[in-house]
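Chemist: Following this line is my_file.pdb, made up of PDB, C-alpha atoms:
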```
ATOM      1  CA  MET A   1      22.807   0.862  -0.493
ATOM      2  CA  ALA A   2      20.987  -1.699   1.579
ATOM      3  CA  THR A   3      19.522  -4.724  -0.193
ATOM      4  CA  SER A   4      16.624  -6.815   1.042
ATOM      5  CA  GLU A   5      15.038  -9.974  -0.420
ATOM      6  CA  LEU A   6      11.248  -9.947  -0.399
ATOM      7  CA  THR A   7       8.742 -12.682   0.140
ATOM      8  CA  GLY A   8       5.000 -12.471  -0.507
ATOM      9  CA  GLY A   9       1.798 -14.138   0.519
ATOM     10  CA  GLU A  10       1.645 -13.095   4.179
ATOM     11  CA  THR A  11      -1.597 -11.755   5.559
ATOM     12  CA  THR A  12      -2.709 -10.232   8.817
ATOM     13  CA  PRO A  13      -3.292 -13.033  11.348
ATOM     14  CA  GLU A  14      -6.918 -13.815  12.160
ATOM     15  CA  SER A  15      -8.291 -13.067  15.627
ATOM     16  CA  ASP A  16     -11.027 -14.834  17.581
ATOM     17  CA  GLU A  17     -12.470 -11.417  18.372
ATOM     18  CA  PRO A  18     -14.542  -9.773  15.588
ATOM     19  CA  ARG A  19     -12.260  -7.514  13.587
ATOM     20  CA  GLY A  20     -14.642  -4.583  13.803
ATOM     21  CA  ARG A  21     -14.216  -4.324  17.583
ATOM     22  CA  VAL A  22     -10.979  -2.390  17.769
ATOM     23  CA  ARG A  23     -10.015  -1.994  21.436
ATOM     24  CA  LEU A  24      -7.092  -0.523  23.330
ATOM     25  CA  ARG A  25      -6.175  -3.931  24.746
ATOM     26  CA  ARG A  26      -5.937  -5.423  21.253
ATOM     27  CA  ALA A  27      -2.967  -4.970  18.945
ATOM     28  CA  ALA A  28      -3.040  -6.371  15.422
ATOM     29  CA  VAL A  29       0.318  -7.722  14.281
ATOM     30  CA  MET A  30       0.728  -6.761  10.636
ATOM     31  CA  GLY A  31       3.254  -8.532   8.446
ATOM     32  CA  VAL A  32       5.102  -6.300   5.999
ATOM     33  CA  PRO A  33       6.800  -8.950   3.849
ATOM     34  CA  ALA A  34       8.283  -6.437   1.425
ATOM     35  CA  PHE A  35      10.701  -5.125   4.011
ATOM     36  CA  ALA A  36      10.892  -7.964   6.551
ATOM     37  CA  VAL A  37       9.654  -5.923   9.501
ATOM     38  CA  ALA A  38       6.540  -6.196  11.688
ATOM     39  CA  ALA A  39       4.630  -3.628  13.718
ATOM     40  CA  ALA A  40       2.168  -4.011  16.580
ATOM     41  CA  LEU A  41      -0.670  -1.577  15.885
ATOM     42  CA  VAL A  42      -2.760  -0.140  18.714
ATOM     43  CA  VAL A  43      -6.046   1.732  18.206
ATOM     44  CA  LEU A  44      -5.876   3.997  15.161
ATOM     45  CA  THR A  45      -8.474   6.474  13.981
ATOM     46  CA  ALA A  46      -9.083   8.193  10.682
ATOM     47  CA  GLN A  47      -7.137  11.175  12.051
ATOM     48  CA  GLY A  48      -3.550  11.638  10.948
ATOM     49  CA  ALA A  49      -1.923  11.378   7.551
ATOM     50  CA  ILE A  50      -2.992   8.144   5.898
ATOM     51  CA  ALA A  51      -3.548   7.555   2.222
ATOM     52  CA  ALA A  52      -7.331   7.220   2.254
ATOM     53  CA  GLN A  53      -8.955  10.438   3.407
ATOM     54  CA  PHE A  54     -12.197   9.145   1.895
ATOM     55  CA  ALA A  55     -14.565   6.245   2.560
ATOM     56  CA  ILE A  56     -13.092   3.223   0.801
ATOM     57  CA  SER A  57     -15.312   0.832  -1.167
ATOM     58  CA  GLY A  58     -13.926  -2.171   0.699
ATOM     59  CA  MET A  59     -13.125  -3.941  -2.588
ATOM     60  CA  PRO A  60      -9.394  -4.768  -2.801
ATOM     61  CA  PHE A  61      -7.522  -4.256  -6.059
ATOM     62  CA  VAL A  62      -4.217  -5.630  -7.293
ATOM     63  CA  VAL A  63      -1.348  -3.476  -8.583
ATOM     64  CA  THR A  64       1.768  -4.882 -10.231
ATOM     65  CA  ALA A  65       4.809  -3.294 -11.872
ATOM     66  CA  ASP A  66       8.033  -4.632 -13.302
ATOM     67  CA  ARG A  67       9.921  -1.900 -11.468
ATOM     68  CA  LEU A  68       9.171   0.833  -8.932
ATOM     69  CA  GLU A  69      11.651   3.680  -8.447
ATOM     70  CA  ALA A  70      10.820   5.910  -5.480
ATOM     71  CA  GLN A  71      12.383   9.097  -4.150
ATOM     72  CA  GLY A  72      11.366   9.979  -0.598
ATOM     73  CA  PHE A  73       9.811   6.886   0.967
ATOM     74  CA  GLU A  74       7.850   6.335   4.199
ATOM     75  CA  GLN A  75       5.871   3.361   5.501
ATOM     76  CA  PHE A  76       3.710   2.879   8.597
ATOM     77  CA  GLY A  77       0.494   1.274   9.834
ATOM     78  CA  GLY A  78      -2.942   2.806   9.419
ATOM     79  CA  MET A  79      -6.646   2.080   9.269
ATOM     80  CA  ASP A  80      -9.136   2.683   6.461
ATOM     81  CA  GLU A  81     -12.888   3.111   6.913
ATOM     82  CA  MET A  82     -15.727   2.057   4.625
ATOM     83  CA  ALA A  83     -18.894   4.096   4.211
ATOM     84  CA  PRO A  84     -21.496   3.355   6.912
ATOM     85  CA  GLY A  85     -23.594   0.335   5.962
ATOM     86  CA  SER A  86     -21.237  -0.796   3.190
ATOM     87  CA  PRO A  87     -22.207  -4.256   1.871
ATOM     88  CA  ASN A  88     -18.478  -5.075   1.723
ATOM     89  CA  ALA A  89     -17.942  -4.625   5.475
ATOM     90  CA  GLY A  90     -18.675  -8.253   6.400
ATOM     91  CA  ASP A  91     -17.609  -8.827  10.004
ATOM     92  CA  THR A  92     -14.900  -6.140   9.887
ATOM     93  CA  GLY A  93     -17.077  -3.323  11.174
ATOM     94  CA  GLY A  94     -16.093  -1.424   8.038
ATOM     95  CA  GLN A  95     -12.452  -1.113   9.129
ATOM     96  CA  VAL A  96      -9.344  -2.427   7.361
ATOM     97  CA  LEU A  97      -5.854  -2.433   8.881
ATOM     98  CA  VAL A  98      -3.375  -1.396   6.207
ATOM     99  CA  VAL A  99       0.255  -0.584   5.582
ATOM    100  CA  VAL A 100       0.564   2.964   4.229
ATOM    101  CA  SER A 101       3.412   3.542   1.762
ATOM    102  CA  ALA A 102       4.029   7.242   1.011
ATOM    103  CA  ILE A 103       6.338   8.275  -1.847
ATOM    104  CA  LYS A 104       7.322  11.805  -2.856
ATOM    105  CA  LYS A 105       8.167  10.904  -6.472
ATOM    106  CA  ALA A 106       7.586   7.537  -8.150
ATOM    107  CA  LYS A 107       8.171   5.866 -11.508
ATOM    108  CA  LEU A 108       6.533   2.527 -12.353
ATOM    109  CA  THR A 109       7.421   0.424 -15.377
ATOM    110  CA  LYS A 110       4.675  -1.748 -16.907
ATOM    111  CA  LEU A 111       1.965  -0.889 -14.408
ATOM    112  CA  CYS A 112      -1.072  -3.159 -14.176
ATOM    113  CA  GLN A 113      -4.134  -2.647 -11.977
ATOM    114  CA  SER A 114      -7.179  -4.905 -11.722
ATOM    115  CA  VAL A 115     -10.283  -5.247  -9.566
ATOM    116  CA  GLU A 116     -12.731  -8.148  -9.649
ATOM    117  CA  LEU A 117     -16.316  -7.197 -10.460
ATOM    118  CA  GLY A 118     -18.578 -10.214 -10.147
ATOM    119  CA  GLY A 119     -16.465 -12.714 -12.041
ATOM    120  CA  THR A 120     -14.883 -10.293 -14.513
ATOM    121  CA  TYR A 121     -12.029  -7.840 -14.012
ATOM    122  CA  LEU A 122     -11.693  -4.142 -14.698
ATOM    123  CA  HIS A 123      -8.150  -4.140 -16.086
ATOM    124  CA  ILE A 124      -5.833  -1.147 -16.543
ATOM    125  CA  THR A 125      -2.317  -1.090 -17.987
ATOM    126  CA  ALA A 126       0.102   1.793 -18.631
ATOM    127  CA  GLY A 127       3.797   2.579 -18.906
ATOM    128  CA  ASP A 128       4.584  -0.439 -21.083
ATOM    129  CA  LYS A 129       5.902   1.320 -24.205
ATOM    130  CA  GLY A 130       9.206   2.694 -22.932
ATOM    131  CA  THR A 131       7.846   5.598 -20.871
ATOM    132  CA  PRO A 132       7.074   4.697 -17.247
ATOM    133  CA  VAL A 133       4.087   5.834 -15.232
ATOM    134  CA  SER A 134       4.978   8.768 -12.971
ATOM    135  CA  ALA A 135       3.379  10.043  -9.773
ATOM    136  CA  THR A 136       4.016  12.709  -7.147
ATOM    137  CA  ASP A 137       2.893  12.552  -3.514
ATOM    138  CA  LEU A 138       1.774   8.967  -4.049
ATOM    139  CA  ALA A 139       0.272   6.980  -1.170
ATOM    140  CA  THR A 140      -1.051   3.412  -1.173
ATOM    141  CA  ASP A 141      -2.945   1.532   1.531
ATOM    142  CA  SER A 142      -2.012  -2.147   1.260
ATOM    143  CA  THR A 143      -2.731  -5.412   3.035
ATOM    144  CA  GLU A 144      -0.062  -7.289   1.050
ATOM    145  CA  LEU A 145       3.090  -6.080  -0.668
ATOM    146  CA  SER A 146       5.834  -8.195  -2.225
ATOM    147  CA  GLY A 147       8.584  -8.102  -4.798
ATOM    148  CA  LYS A 148      11.657  -9.925  -6.006
ATOM    149  CA  GLN A 149      14.137  -7.477  -4.466
ATOM    150  CA  ALA A 150      14.237  -4.064  -2.801
ATOM    151  CA  ASP A 151      17.222  -1.707  -2.689
ATOM    152  CA  PHE A 152      17.195   1.151  -0.163
ATOM    153  CA  ASP A 153      19.312   4.265   0.328
ATOM    154  CA  ASN A 154      19.676   5.507   3.929
ATOM    155  CA  ILE A 155      16.855   3.458   5.408
ATOM    156  CA  GLU A 156      15.678   4.090   8.995
ATOM    157  CA  ILE A 157      13.625   1.284  10.574
ATOM    158  CA  GLY A 158      11.646   1.594  13.799
ATOM    159  CA  GLY A 159      11.014   5.329  13.865
ATOM    160  CA  ASP A 160       7.868   7.011  15.157
ATOM    161  CA  ALA A 161       5.731   7.670  12.078
ATOM    162  CA  SER A 162       4.735  11.129  13.352
ATOM    163  CA  THR A 163       8.365  12.311  13.004
ATOM    164  CA  PHE A 164       8.915  11.245   9.388
ATOM    165  CA  THR A 165      10.099  13.751   6.766
ATOM    166  CA  LYS A 166      11.290  11.819   3.699
ATOM    167  CA  ALA A 167       7.969  11.874   1.798
ATOM    168  CA  GLY A 168       6.486  14.971   3.429
ATOM    169  CA  VAL A 169       3.864  12.916   5.321
ATOM    170  CA  LYS A 170       3.304  12.637   9.074
ATOM    171  CA  GLY A 171       1.985   9.293  10.251
ATOM    172  CA  PRO A 172       0.076   8.582  13.495
ATOM    173  CA  LEU A 173       1.879   9.297  16.772
ATOM    174  CA  GLY A 174       3.435   6.248  18.405
ATOM    175  CA  VAL A 175       3.145   3.999  15.355
ATOM    176  CA  PHE A 176       6.120   1.940  14.157
ATOM    177  CA  GLY A 177       7.418   2.853  10.717
ATOM    178  CA  GLN A 178      10.377   3.184   8.397
ATOM    179  CA  GLN A 179      11.641   5.710   5.882
ATOM    180  CA  ALA A 180      14.395   5.952   3.273
ATOM    181  CA  ASP A 181      15.825   8.439   0.791
ATOM    182  CA  THR A 182      15.132   6.081  -2.125
ATOM    183  CA  VAL A 183      13.879   2.570  -2.814
ATOM    184  CA  VAL A 184      13.835   0.432  -5.957
ATOM    185  CA  ILE A 185      11.566  -2.633  -6.014
ATOM    186  CA  THR A 186      11.525  -5.151  -8.848
ATOM    187  CA  ASN A 187       8.491  -7.333  -9.648
ATOM    188  CA  LEU A 188       6.265  -5.319  -7.349
ATOM    189  CA  ARG A 189       2.869  -6.740  -6.364
ATOM    190  CA  GLN A 190       0.372  -5.080  -4.009
ATOM    191  CA  THR A 191      -3.115  -5.776  -2.718
ATOM    192  CA  ASN A 192      -4.516  -2.293  -2.092
ATOM    193  CA  TYR A 193      -7.638  -0.705  -0.704
ATOM    194  CA  ALA A 194      -6.800   2.883  -1.655
ATOM    195  CA  THR A 195      -4.370   4.946  -3.704
ATOM    196  CA  THR A 196      -3.986   8.719  -3.829
ATOM    197  CA  ALA A 197      -1.580  11.019  -5.658
ATOM    198  CA  ALA A 198      -1.180  14.732  -6.259
ATOM    199  CA  ARG A 199      -0.416  13.939  -9.901
ATOM    200  CA  PHE A 200      -0.592  10.616 -11.759
ATOM    201  CA  THR A 201       0.607  10.377 -15.391
ATOM    202  CA  LEU A 202      -0.168   7.144 -17.282
ATOM    203  CA  PRO A 203       1.408   6.906 -20.756
ATOM    204  CA  ASN A 204      -0.158   4.384 -23.156
ATOM    205  CA  LEU A 205      -3.187   3.941 -20.900
ATOM    206  CA  ASN A 206      -5.419   0.968 -21.721
ATOM    207  CA  LEU A 207      -8.628   0.195 -19.797
ATOM    208  CA  ASN A 208     -10.820  -2.831 -20.530
ATOM    209  CA  PHE A 209     -12.740  -5.740 -19.050
ATOM    210  CA  SER A 210     -10.885  -9.050 -18.880
ATOM    211  CA  SER A 211     -11.369 -12.603 -17.685
ATOM    212  CA  LYS A 212      -8.050 -12.376 -15.832
ATOM    213  CA  GLY A 213      -6.568  -9.961 -13.314
ATOM    214  CA  CYS A 214      -2.994  -8.723 -13.006
TER     215      CYS A 214
END
```
Represent the structure from my file as structure tokens, please.
Modeler:
Amino acid sequence: MATSELTGGETTPESDEPRGRVRLRRAAVMGVPAFAVAAALVVLTAQGAIAAQFAISGMPFVVTADRLEAQGFEQFGGMDEMAPGSPNAGDTGGQVLVVVSAIKKAKLTKLCQSVELGGTYLHITAGDKGTPVSATDLATDSTELSGKQADFDNIEIGGDASTFTKAGVKGPLGVFGQQADTVVITNLRQTNYATTAARFTLPNLNLNFSSKGC
């Protein structure tokens, strides 16, 4: 079992060139603080297996969990697209560089999700009464991911994402990635733009508006 300490708070470095103008000569260096690796991303399109196969809203949301247990794990760079003319596009051109985390089977203890809506938060909690949240074929598109500690089984770092098999997902050809048989992350925190799953079960679900996020 490999063990890695995580640090949070890193973001994609800013560029003098407008972020919406994605060109072949430009690579965006994306920090992946959760696993202490970095990847240089060249031009990516919406083709290929990435979590968001839909037009994202462009509003980030926070996800936290006391513990994530994952079987079949893959991670690689990708790009999400907002709907044409989205008011959330700003100077991004409607594109967001993300880190895609694909998991075949996941359990999350004390899940919290929140999104800011004009000064208040839509707040969701689940899996906090002894039965964890469960998901199959889970994928998240994140710009930040951190935790207290991560434990991996049989991790492979630096592989071509198009050759991955652990989570049953093929990433874009030529893109740096990593995969592992299992991973356990404690004190997980993500800033996400999209999440998909084949099945998502949320015991003790509670949805409300709150003055505070997760």
Chemist: When you draw a straight line from CA of Glu156 in chain A to CA of Leu188 in chain A, how long is it in Å?
Modeler: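 Distance between the two atoms: 21.1 Å.
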Chemist: Record the distance separating CA of Pro87 in chain A and CA of Thr195 in chain A, expressed in Å with one decimal.
Modeler: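 Separation between CA of Pro87 in chain A and CA of Thr195 in chain A: 20.8 Å.
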Chemist: Pick the closest to Met59 in chain A from A:Glu116, A:Asp141, A:Asp153, A:Asp181: which is it, counting all atoms listed in the file?
Modeler: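 Among the listed residues, the smallest separation from Met59 in chain A belongs to A:Glu116.
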Chemist: Specify as a list in words each residue included when the PyMOL selection byres ((chain A and resi 194) around 10) is applied to this file.
Modeler: Ile50, Ala51, Ala52, Gln53, Phe54, Ala55, Ile56, Ser57, Gly58, Met59, Pro60, Phe61, Asp80, Val98, Val100, Ala139, Thr140, Asp141, Ser142, Thr191, Asn192, Tyr193, Thr195 and Thr196 of chain A
Chemist: Tell me, in Å to one decimal, how far CA of Ser86 in chain A is from CA of Ile103 in chain A.
Modeler: 29.5 Å
Chemist: Under the PyMOL selection byres ((chain A and resi 174) around 10), which residues of this model are included? Write them out as a list of chain:residue names.
Modeler: A:Leu41, A:Val42, A:Gly159, A:Asp160, A:Ala161, A:Ser162, A:Thr163, A:Gly171, A:Pro172, A:Leu173, A:Val175, A:Phe176, A:Gly177
Chemist: Let me make sure I understand: among A:Ala150, A:Leu97, A:Leu111, A:Val63, which one has the smallest atom-to-atom distance to Ile185 in chain A if we use only C-alpha atoms?
Modeler: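 Using only C-alpha atoms, the shortest distance to Ile185 in chain A belongs to A:Ala150.
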Chemist: Ala197 in chain A: which residues within 8 Å, counting only C-alpha atoms, same-chain residues fewer than 4 positions away excluded, as a VMD selection string?
Modeler: chain A and resid 135 to 139
Chemist: Name the closest residue to Cys112 in chain A among the candidates A:Asp66, A:Gly158, A:Ser134, A:Gly72; distances are taken between atoms, counting all atoms listed in the file.
Modeler: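 With all atoms listed in the file as the atom set, the closest residue is A:Asp66.
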Chemist: Skipping near chain neighbours, those fewer than 4 positions away, what residues fall within 7 Å of Gln95 in chain A using only C-alpha atoms, listed as a PyMOL selection string?
Modeler: chain A and resi 20+79-82
Chemist: Would you translate the PyMOL selection byres ((chain A and resi 69) around 10) into the concrete set of residues it matches in this file, as a PyMOL selection string?
Modeler: chain A and resi 67-68+70-71+103+105-109+132+134+150-151+182-186
Chemist: If I wrap all listed atoms of range 106-120 of chain A in a box with edges along x, y and z and add 8 Å on each side, what are its centre and edge lengths in Å to one decimal, as AutoDock Vina command-line options?
Modeler:
```
--center_x -5.2 --center_y -2.6 --center_z -12.5 --size_x 42.7 --size_y 36.3 --size_z 24.8
```
